[in-house]
Amino acid sequence: MSTKVIDGKAVATKLREQVAADAAVFTEQYGRPPGLATILIGDDPASAVYVASKQRSCAEVGIEGFSFKLPNDATREQAIATIEEANANPAISGIICQLPVPDQLDGVELTGLVDPLKDVDGLTTTSAGLLALGRPGLRPCTPRAVMMLLDDAGADLEGAVAVVIGRSNLFGKPMAQLLLERSATVTICHSRTEDLPGTCARADVLIAAVGRPRMVAGNFVKPGAVVIDVGINRVDDVLCGDVDFEAVSSVAGAVTPVPGGVGPMTIACLLDNTVIAARMAVEQA
Ligand code: NAP
């Protein structure tokens, strides 16, 4: 069987071009560009790299970047004041509070304080509630990215059996809801799931977000299934996903690589969410 490798970079490039065009129209119409604020608290090196990459990406598509940095010993009051400052600034359309935050702070509390109209990560209670009710709103970037990759791969979701491994608020739960919205029959697996390989092997669409390098082996996959690998793991300094790409490639109909699959799409969706948030703000003003 010939397996299609889903090219996340190519799909992300197309989406970024669309976002750049949309940002240009917005800027022309309102005399200012959409703006994205990143709030980085502490000195976690991986977070600093992610934030720098988000700021660079903003510049590439005509979104104005706002960068807030707080020290490792920042207090709850300082963090809240920073979020409130970004909430109050009309030039800022979207806000990301980069996780994880230092131990003395509560990341869930802080992300929950972002104005729901600027919640481009889609993680506030309001955004989660709108998704659960099937109402329009800002959707979390990585699940949105996966939906776009599934559409690009031509996956027919209506009535399809979809299995998501992972039940996090960040990914697994919103992913399942987006699949349900498209009329897939959805199962969510987690660390207590019995017979994980057998459950996964019934899936027409299998999505892995576990954080365990190459855990999804060939026997997890129904022949011809579409397999999306959300995992980002570093093993011996090499990046790999939660899917054993070599083993799964000989069984699946289509599969995403790591790197070059979901990752580039997540950041493109963040940029897209920022332009969507900018429009929502002017339409609701
Ligand atoms: P998380 O909060 O740690 O959740 C991991 C999930 O996997 C949990 O629900 C856990 O089950 C489940 N799990 C752990 N071990 C398992 C096992 N042996 N069998 C079945 N399920 C198991 O992680 P996350 O934030 O959702 O992220 C998951 C992965 O995606 C990570 O590698 C992360 O780096 C990556 N990620 C990538 C992107 C991207 O842009 N590509 C974005 C977000 C996340 P329990 O709930 O029972 O503990």
# chains A, B, ... in the order shown; residues from 1 in each chain; ligands from 1
>>> select_by_dssp(residues="segment 19-164 of chain A", states="strand (DSSP E)", output="VMD selection string")
chain A and resid 35 to 41 64 to 70 94 to 97 161 to 164
>>> write_last_selection(atoms="N, CA, C and O atoms", output="short mmCIF file (atom, residue, chain, number, x, y, z; two decimals), in the first residue's frame")
data_model
loop_
_atom_site.label_atom_id
_atom_site.label_comp_id
_atom_site.auth_asym_id
_atom_site.auth_seq_id
_atom_site.Cartn_x
_atom_site.Cartn_y
_atom_site.Cartn_z
N GLY A 35 -2.88 42.66 16.23
CA GLY A 35 -1.72 42.59 17.14
C GLY A 35 -1.76 41.34 18.00
O GLY A 35 -2.83 40.94 18.47
N LEU A 36 -0.62 40.73 18.19
CA LEU A 36 -0.53 39.54 19.06
C LEU A 36 0.45 39.81 20.19
O LEU A 36 1.61 40.16 19.95
N ALA A 37 -0.02 39.63 21.43
CA ALA A 37 0.86 39.80 22.60
C ALA A 37 1.29 38.44 23.13
O ALA A 37 0.45 37.55 23.32
N THR A 38 2.58 38.28 23.36
CA THR A 38 3.07 37.08 24.04
C THR A 38 3.51 37.50 25.44
O THR A 38 4.18 38.52 25.61
N ILE A 39 3.10 36.71 26.42
CA ILE A 39 3.50 36.98 27.81
C ILE A 39 4.38 35.82 28.26
O ILE A 39 3.91 34.67 28.34
N LEU A 40 5.64 36.12 28.48
CA LEU A 40 6.61 35.08 28.86
C LEU A 40 7.04 35.34 30.30
O LEU A 40 7.58 36.40 30.60
N ILE A 41 6.79 34.37 31.16
CA ILE A 41 7.15 34.55 32.57
C ILE A 41 8.22 33.51 32.93
O ILE A 41 8.00 32.31 32.76
N GLU A 64 1.24 42.83 14.17
CA GLU A 64 2.17 43.52 15.07
C GLU A 64 2.39 42.68 16.33
O GLU A 64 1.42 42.24 16.96
N GLY A 65 3.64 42.46 16.68
CA GLY A 65 3.95 41.66 17.87
C GLY A 65 4.15 42.56 19.10
O GLY A 65 4.76 43.62 19.00
N PHE A 66 3.59 42.15 20.23
CA PHE A 66 3.82 42.84 21.51
C PHE A 66 4.42 41.80 22.45
O PHE A 66 3.84 40.72 22.62
N SER A 67 5.58 42.13 23.03
CA SER A 67 6.27 41.13 23.83
C SER A 67 6.36 41.57 25.29
O SER A 67 6.95 42.60 25.59
N PHE A 68 5.72 40.82 26.19
CA PHE A 68 5.79 41.12 27.63
C PHE A 68 6.66 40.04 28.28
O PHE A 68 6.44 38.85 28.05
N LYS A 69 7.62 40.47 29.11
CA LYS A 69 8.48 39.50 29.79
C LYS A 69 8.49 39.79 31.28
O LYS A 69 8.64 40.95 31.68
N LEU A 70 8.33 38.75 32.08
CA LEU A 70 8.41 38.91 33.53
C LEU A 70 9.47 37.96 34.06
O LEU A 70 9.70 36.88 33.50
N GLY A 94 -4.89 39.62 20.14
CA GLY A 94 -4.79 38.27 20.70
C GLY A 94 -3.70 38.22 21.76
O GLY A 94 -2.71 38.94 21.66
N ILE A 95 -3.90 37.37 22.77
CA ILE A 95 -2.93 37.27 23.88
C ILE A 95 -2.61 35.79 24.12
O ILE A 95 -3.50 34.95 24.21
N ILE A 96 -1.30 35.53 24.26
CA ILE A 96 -0.87 34.19 24.65
C ILE A 96 -0.09 34.30 25.93
O ILE A 96 0.90 35.03 26.00
N CYS A 97 -0.52 33.58 26.94
CA CYS A 97 0.27 33.48 28.16
C CYS A 97 1.03 32.16 28.03
O CYS A 97 0.45 31.08 28.11
N VAL A 161 -14.99 6.42 12.26
CA VAL A 161 -14.57 6.12 13.62
C VAL A 161 -13.26 6.86 13.87
O VAL A 161 -12.26 6.64 13.17
N ALA A 162 -13.29 7.79 14.85
CA ALA A 162 -12.10 8.58 15.17
C ALA A 162 -11.67 8.27 16.59
O ALA A 162 -12.50 8.25 17.51
N VAL A 163 -10.39 7.99 16.78
CA VAL A 163 -9.87 7.73 18.12
C VAL A 163 -8.80 8.77 18.42
O VAL A 163 -7.88 8.98 17.62
N VAL A 164 -8.94 9.43 19.58
CA VAL A 164 -7.94 10.41 20.04
C VAL A 164 -7.25 9.80 21.25
O VAL A 164 -7.92 9.41 22.20
#
>>> residues_near_ligand(ligand="ligand 1", cutoff="6 Å", atoms="only C-alpha atoms and all ligand atoms", output="PDB file with all heavy atoms, in the first residue's frame")
ATOM      1  N   THR A 142      -3.976  23.832  18.122  1.00  0.00           N
ATOM      2  CA  THR A 142      -3.511  22.516  17.649  1.00  0.00           C
ATOM      3  C   THR A 142      -4.677  21.646  17.160  1.00  0.00           C
ATOM      4  O   THR A 142      -4.587  21.062  16.068  1.00  0.00           O
ATOM      5  CB  THR A 142      -2.666  21.814  18.720  1.00  0.00           C
ATOM      6  OG1 THR A 142      -1.658  22.730  19.171  1.00  0.00           O
ATOM      7  CG2 THR A 142      -1.978  20.582  18.167  1.00  0.00           C
ATOM      8  N   ILE A 165      -5.921   9.694  21.205  1.00  0.00           N
ATOM      9  CA  ILE A 165      -5.203   9.227  22.405  1.00  0.00           C
ATOM     10  C   ILE A 165      -4.727  10.471  23.144  1.00  0.00           C
ATOM     11  O   ILE A 165      -3.914  11.233  22.622  1.00  0.00           O
ATOM     12  CB  ILE A 165      -3.999   8.322  22.080  1.00  0.00           C
ATOM     13  CG1 ILE A 165      -4.300   7.351  20.938  1.00  0.00           C
ATOM     14  CG2 ILE A 165      -3.583   7.539  23.328  1.00  0.00           C
ATOM     15  CD1 ILE A 165      -3.093   6.514  20.519  1.00  0.00           C
ATOM     16  N   GLY A 166      -5.243  10.669  24.361  1.00  0.00           N
ATOM     17  CA  GLY A 166      -4.925  11.859  25.159  1.00  0.00           C
ATOM     18  C   GLY A 166      -6.188  12.628  25.474  1.00  0.00           C
ATOM     19  O   GLY A 166      -7.025  12.831  24.579  1.00  0.00           O
ATOM     20  N   ARG A 167      -6.343  13.044  26.733  1.00  0.00           N
ATOM     21  CA  ARG A 167      -7.574  13.740  27.154  1.00  0.00           C
ATOM     22  C   ARG A 167      -7.269  15.085  27.803  1.00  0.00           C
ATOM     23  O   ARG A 167      -7.996  15.530  28.699  1.00  0.00           O
ATOM     24  CB  ARG A 167      -8.373  12.864  28.112  1.00  0.00           C
ATOM     25  CG  ARG A 167      -7.586  12.440  29.351  1.00  0.00           C
ATOM     26  CD  ARG A 167      -8.471  11.680  30.325  1.00  0.00           C
ATOM     27  NE  ARG A 167      -7.676  10.943  31.295  1.00  0.00           N
ATOM     28  CZ  ARG A 167      -8.180  10.214  32.267  1.00  0.00           C
ATOM     29  NH1 ARG A 167      -9.474  10.114  32.417  1.00  0.00           N
ATOM     30  NH2 ARG A 167      -7.395   9.568  33.113  1.00  0.00           N
ATOM     31  N   SER A 168      -6.177  15.739  27.388  1.00  0.00           N
ATOM     32  CA  SER A 168      -5.832  17.021  28.012  1.00  0.00           C
ATOM     33  C   SER A 168      -6.831  18.108  27.612  1.00  0.00           C
ATOM     34  O   SER A 168      -7.471  18.037  26.560  1.00  0.00           O
ATOM     35  CB  SER A 168      -4.419  17.449  27.605  1.00  0.00           C
ATOM     36  OG  SER A 168      -4.380  17.728  26.226  1.00  0.00           O
ATOM     37  N   LEU A 170      -5.850  21.010  26.863  1.00  0.00           N
ATOM     38  CA  LEU A 170      -5.150  21.729  25.796  1.00  0.00           C
ATOM     39  C   LEU A 170      -5.431  21.110  24.430  1.00  0.00           C
ATOM     40  O   LEU A 170      -5.601  21.799  23.433  1.00  0.00           O
ATOM     41  CB  LEU A 170      -3.636  21.670  26.074  1.00  0.00           C
ATOM     42  CG  LEU A 170      -2.709  22.397  25.129  1.00  0.00           C
ATOM     43  CD1 LEU A 170      -2.829  23.888  25.346  1.00  0.00           C
ATOM     44  CD2 LEU A 170      -1.259  21.943  25.355  1.00  0.00           C
ATOM     45  N   PHE A 171      -5.470  19.778  24.384  1.00  0.00           N
ATOM     46  CA  PHE A 171      -5.614  19.144  23.077  1.00  0.00           C
ATOM     47  C   PHE A 171      -6.728  18.087  22.992  1.00  0.00           C
ATOM     48  O   PHE A 171      -7.633  18.190  22.174  1.00  0.00           O
ATOM     49  CB  PHE A 171      -4.281  18.531  22.609  1.00  0.00           C
ATOM     50  CG  PHE A 171      -4.431  17.905  21.267  1.00  0.00           C
ATOM     51  CD1 PHE A 171      -4.457  18.697  20.123  1.00  0.00           C
ATOM     52  CD2 PHE A 171      -4.659  16.543  21.132  1.00  0.00           C
ATOM     53  CE1 PHE A 171      -4.687  18.146  18.878  1.00  0.00           C
ATOM     54  CE2 PHE A 171      -4.881  15.979  19.887  1.00  0.00           C
ATOM     55  CZ  PHE A 171      -4.894  16.781  18.763  1.00  0.00           C
ATOM     56  N   GLY A 172      -6.623  17.033  23.785  1.00  0.00           N
ATOM     57  CA  GLY A 172      -7.493  15.858  23.588  1.00  0.00           C
ATOM     58  C   GLY A 172      -8.975  16.183  23.612  1.00  0.00           C
ATOM     59  O   GLY A 172      -9.728  15.783  22.711  1.00  0.00           O
ATOM     60  N   CYS A 189      -9.046   8.026  24.292  1.00  0.00           N
ATOM     61  CA  CYS A 189      -8.264   7.078  25.098  1.00  0.00           C
ATOM     62  C   CYS A 189      -7.322   7.840  26.024  1.00  0.00           C
ATOM     63  O   CYS A 189      -6.978   8.986  25.774  1.00  0.00           O
ATOM     64  CB  CYS A 189      -7.434   6.168  24.193  1.00  0.00           C
ATOM     65  SG  CYS A 189      -8.434   5.149  23.104  1.00  0.00           S
ATOM     66  N   HIS A 190      -6.883   7.164  27.083  1.00  0.00           N
ATOM     67  CA  HIS A 190      -5.975   7.783  28.069  1.00  0.00           C
ATOM     68  C   HIS A 190      -5.199   6.678  28.763  1.00  0.00           C
ATOM     69  O   HIS A 190      -5.274   5.509  28.354  1.00  0.00           O
ATOM     70  CB  HIS A 190      -6.785   8.650  29.032  1.00  0.00           C
ATOM     71  CG  HIS A 190      -8.015   7.980  29.534  1.00  0.00           C
ATOM     72  ND1 HIS A 190      -7.969   7.005  30.503  1.00  0.00           N
ATOM     73  CD2 HIS A 190      -9.311   8.082  29.137  1.00  0.00           C
ATOM     74  CE1 HIS A 190      -9.183   6.554  30.715  1.00  0.00           C
ATOM     75  NE2 HIS A 190     -10.024   7.184  29.885  1.00  0.00           N
ATOM     76  N   SER A 191      -4.517   7.033  29.851  1.00  0.00           N
ATOM     77  CA  SER A 191      -3.595   6.064  30.464  1.00  0.00           C
ATOM     78  C   SER A 191      -4.317   4.875  31.103  1.00  0.00           C
ATOM     79  O   SER A 191      -3.697   3.859  31.376  1.00  0.00           O
ATOM     80  CB  SER A 191      -2.712   6.758  31.502  1.00  0.00           C
ATOM     81  OG  SER A 191      -3.509   7.247  32.548  1.00  0.00           O
ATOM     82  N   ARG A 192      -5.617   5.000  31.342  1.00  0.00           N
ATOM     83  CA  ARG A 192      -6.348   3.877  31.957  1.00  0.00           C
ATOM     84  C   ARG A 192      -7.128   3.063  30.927  1.00  0.00           C
ATOM     85  O   ARG A 192      -7.859   2.149  31.289  1.00  0.00           O
ATOM     86  CB  ARG A 192      -7.338   4.389  33.013  1.00  0.00           C
ATOM     87  CG  ARG A 192      -6.793   5.422  33.963  1.00  0.00           C
ATOM     88  CD  ARG A 192      -5.835   4.798  34.975  1.00  0.00           C
ATOM     89  NE  ARG A 192      -5.106   5.859  35.662  1.00  0.00           N
ATOM     90  CZ  ARG A 192      -5.584   6.578  36.665  1.00  0.00           C
ATOM     91  NH1 ARG A 192      -6.773   6.322  37.132  1.00  0.00           N
ATOM     92  NH2 ARG A 192      -4.863   7.536  37.212  1.00  0.00           N
ATOM     93  N   ALA A 209      -1.790  12.137  20.898  1.00  0.00           N
ATOM     94  CA  ALA A 209      -1.225  13.280  21.640  1.00  0.00           C
ATOM     95  C   ALA A 209      -0.947  12.800  23.053  1.00  0.00           C
ATOM     96  O   ALA A 209      -1.702  13.072  23.979  1.00  0.00           O
ATOM     97  CB  ALA A 209      -2.195  14.455  21.634  1.00  0.00           C
ATOM     98  N   VAL A 210       0.131  12.065  23.189  1.00  0.00           N
ATOM     99  CA  VAL A 210       0.416  11.357  24.436  1.00  0.00           C
ATOM    100  C   VAL A 210       1.666  11.906  25.123  1.00  0.00           C
ATOM    101  O   VAL A 210       1.736  12.018  26.347  1.00  0.00           O
ATOM    102  CB  VAL A 210       0.632   9.839  24.152  1.00  0.00           C
ATOM    103  CG1 VAL A 210       0.648   9.046  25.448  1.00  0.00           C
ATOM    104  CG2 VAL A 210      -0.412   9.304  23.210  1.00  0.00           C
ATOM    105  N   GLY A 211       2.684  12.230  24.324  1.00  0.00           N
ATOM    106  CA  GLY A 211       3.959  12.624  24.903  1.00  0.00           C
ATOM    107  C   GLY A 211       4.837  11.431  25.204  1.00  0.00           C
ATOM    108  O   GLY A 211       5.694  11.477  26.088  1.00  0.00           O
ATOM    109  N   VAL A 230       0.546  14.165  16.970  1.00  0.00           N
ATOM    110  CA  VAL A 230       0.640  15.489  17.599  1.00  0.00           C
ATOM    111  C   VAL A 230       1.870  15.583  18.510  1.00  0.00           C
ATOM    112  O   VAL A 230       2.356  16.663  18.814  1.00  0.00           O
ATOM    113  CB  VAL A 230      -0.663  15.787  18.385  1.00  0.00           C
ATOM    114  CG1 VAL A 230      -0.605  17.133  19.098  1.00  0.00           C
ATOM    115  CG2 VAL A 230      -1.860  15.755  17.448  1.00  0.00           C
ATOM    116  N   GLY A 231       2.390  14.444  18.916  1.00  0.00           N
ATOM    117  CA  GLY A 231       3.476  14.413  19.904  1.00  0.00           C
ATOM    118  C   GLY A 231       4.738  15.128  19.441  1.00  0.00           C
ATOM    119  O   GLY A 231       5.074  15.124  18.254  1.00  0.00           O
ATOM    120  N   ILE A 232       5.384  15.793  20.397  1.00  0.00           N
ATOM    121  CA  ILE A 232       6.707  16.368  20.129  1.00  0.00           C
ATOM    122  C   ILE A 232       7.612  15.869  21.245  1.00  0.00           C
ATOM    123  O   ILE A 232       7.450  16.253  22.413  1.00  0.00           O
ATOM    124  CB  ILE A 232       6.690  17.913  20.147  1.00  0.00           C
ATOM    125  CG1 ILE A 232       5.692  18.456  19.125  1.00  0.00           C
ATOM    126  CG2 ILE A 232       8.087  18.459  19.867  1.00  0.00           C
ATOM    127  CD1 ILE A 232       5.574  19.971  19.131  1.00  0.00           C
ATOM    128  N   ASN A 233       8.528  14.985  20.909  1.00  0.00           N
ATOM    129  CA  ASN A 233       9.441  14.418  21.905  1.00  0.00           C
ATOM    130  C   ASN A 233      10.868  14.574  21.401  1.00  0.00           C
ATOM    131  O   ASN A 233      11.110  14.580  20.194  1.00  0.00           O
ATOM    132  CB  ASN A 233       9.151  12.924  22.097  1.00  0.00           C
ATOM    133  CG  ASN A 233       7.671  12.650  22.341  1.00  0.00           C
ATOM    134  OD1 ASN A 233       7.147  12.986  23.391  1.00  0.00           O
ATOM    135  ND2 ASN A 233       6.990  12.063  21.361  1.00  0.00           N
ATOM    136  N   VAL A 262       2.089  18.413  12.289  1.00  0.00           N
ATOM    137  CA  VAL A 262       1.163  19.279  13.020  1.00  0.00           C
ATOM    138  C   VAL A 262       1.843  20.576  13.482  1.00  0.00           C
ATOM    139  O   VAL A 262       1.219  21.645  13.490  1.00  0.00           O
ATOM    140  CB  VAL A 262       0.573  18.512  14.233  1.00  0.00           C
ATOM    141  CG1 VAL A 262      -0.304  19.419  15.081  1.00  0.00           C
ATOM    142  CG2 VAL A 262      -0.214  17.294  13.760  1.00  0.00           C
ATOM    143  N   GLY A 263       3.119  20.486  13.874  1.00  0.00           N
ATOM    144  CA  GLY A 263       3.826  21.638  14.455  1.00  0.00           C
ATOM    145  C   GLY A 263       3.709  22.922  13.631  1.00  0.00           C
ATOM    146  O   GLY A 263       3.235  23.946  14.147  1.00  0.00           O
ATOM    147  N   THR A 266       0.240  24.457  13.728  1.00  0.00           N
ATOM    148  CA  THR A 266      -0.242  25.046  14.981  1.00  0.00           C
ATOM    149  C   THR A 266       0.045  26.541  15.002  1.00  0.00           C
ATOM    150  O   THR A 266      -0.811  27.363  15.336  1.00  0.00           O
ATOM    151  CB  THR A 266       0.418  24.342  16.183  1.00  0.00           C
ATOM    152  OG1 THR A 266      -0.065  23.003  16.236  1.00  0.00           O
ATOM    153  CG2 THR A 266       0.087  25.029  17.487  1.00  0.00           C
TER     154      THR A 266
END
>>> residues_around(residues="Pro71 of chain A", least_positions_apart="6", cutoff="10 Å", atoms="only C-alpha atoms", output="ChimeraX atom specification")
/A:40-43,78-79,102
>>> write_last_selection(atoms="N, CA and C atoms", output="mmCIF file, in the first residue's frame")
data_model
loop_
_atom_site.group_PDB
_atom_site.id
_atom_site.type_symbol
_atom_site.label_atom_id
_atom_site.label_comp_id
_atom_site.auth_asym_id
_atom_site.auth_seq_id
_atom_site.Cartn_x
_atom_site.Cartn_y
_atom_site.Cartn_z
ATOM 1 N N LEU A 40 5.645 36.118 28.475
ATOM 2 C CA LEU A 40 6.610 35.078 28.858
ATOM 3 C C LEU A 40 7.040 35.343 30.298
ATOM 4 N N ILE A 41 6.789 34.374 31.160
ATOM 5 C CA ILE A 41 7.151 34.549 32.574
ATOM 6 C C ILE A 41 8.219 33.513 32.929
ATOM 7 N N GLY A 42 9.387 33.996 33.383
ATOM 8 C CA GLY A 42 10.447 33.073 33.785
ATOM 9 C C GLY A 42 11.447 32.845 32.685
ATOM 10 N N ASP A 43 12.375 31.883 32.937
ATOM 11 C CA ASP A 43 13.490 31.711 32.003
ATOM 12 C C ASP A 43 13.563 30.304 31.422
ATOM 13 N N GLN A 78 1.854 40.745 39.748
ATOM 14 C CA GLN A 78 2.548 41.262 38.546
ATOM 15 C C GLN A 78 2.007 40.570 37.286
ATOM 16 N N ALA A 79 1.830 39.257 37.393
ATOM 17 C CA ALA A 79 1.356 38.504 36.220
ATOM 18 C C ALA A 79 -0.049 38.967 35.836
ATOM 19 N N PRO A 102 6.313 29.736 36.107
ATOM 20 C CA PRO A 102 7.043 29.285 37.297
ATOM 21 C C PRO A 102 6.102 28.747 38.388
#
>>> residues_around(residues="Cys269 of chain A", least_positions_apart="3", cutoff="12 Å", atoms="only C-alpha atoms", output="PyMOL selection string")
chain A and resi 8+11-19+54+57-58+120-122+138-149+262-266+272-277
>>> residues_around(residues="Thr3 of chain A", least_positions_apart="6", cutoff="7 Å", atoms="only C-alpha atoms", output="PyMOL selection string")
chain A and resi 249-250+252-254
>>> write_last_selection(atoms="N, CA, C and O atoms", output="mmCIF file, in the first residue's frame")
data_model
loop_
_atom_site.group_PDB
_atom_site.id
_atom_site.type_symbol
_atom_site.label_atom_id
_atom_site.label_comp_id
_atom_site.auth_asym_id
_atom_site.auth_seq_id
_atom_site.Cartn_x
_atom_site.Cartn_y
_atom_site.Cartn_z
ATOM 1 N N SER A 249 3.870 3.679 8.668
ATOM 2 C CA SER A 249 3.825 4.014 7.237
ATOM 3 C C SER A 249 3.468 2.816 6.367
ATOM 4 O O SER A 249 2.911 2.984 5.289
ATOM 5 N N SER A 250 3.795 1.621 6.833
ATOM 6 C CA SER A 250 3.507 0.467 5.978
ATOM 7 C C SER A 250 2.052 -0.005 6.118
ATOM 8 O O SER A 250 1.628 -0.920 5.423
ATOM 9 N N ALA A 252 -0.768 2.535 7.346
ATOM 10 C CA ALA A 252 -1.724 3.647 7.235
ATOM 11 C C ALA A 252 -1.938 4.062 5.786
ATOM 12 O O ALA A 252 -1.094 3.817 4.914
ATOM 13 N N GLY A 253 -3.089 4.738 5.546
ATOM 14 C CA GLY A 253 -3.311 5.340 4.229
ATOM 15 C C GLY A 253 -2.607 6.677 4.124
ATOM 16 O O GLY A 253 -2.150 7.081 3.052
ATOM 17 N N ALA A 254 -2.540 7.381 5.263
ATOM 18 C CA ALA A 254 -1.875 8.686 5.305
ATOM 19 C C ALA A 254 -1.374 8.924 6.719
ATOM 20 O O ALA A 254 -1.989 8.479 7.687
#
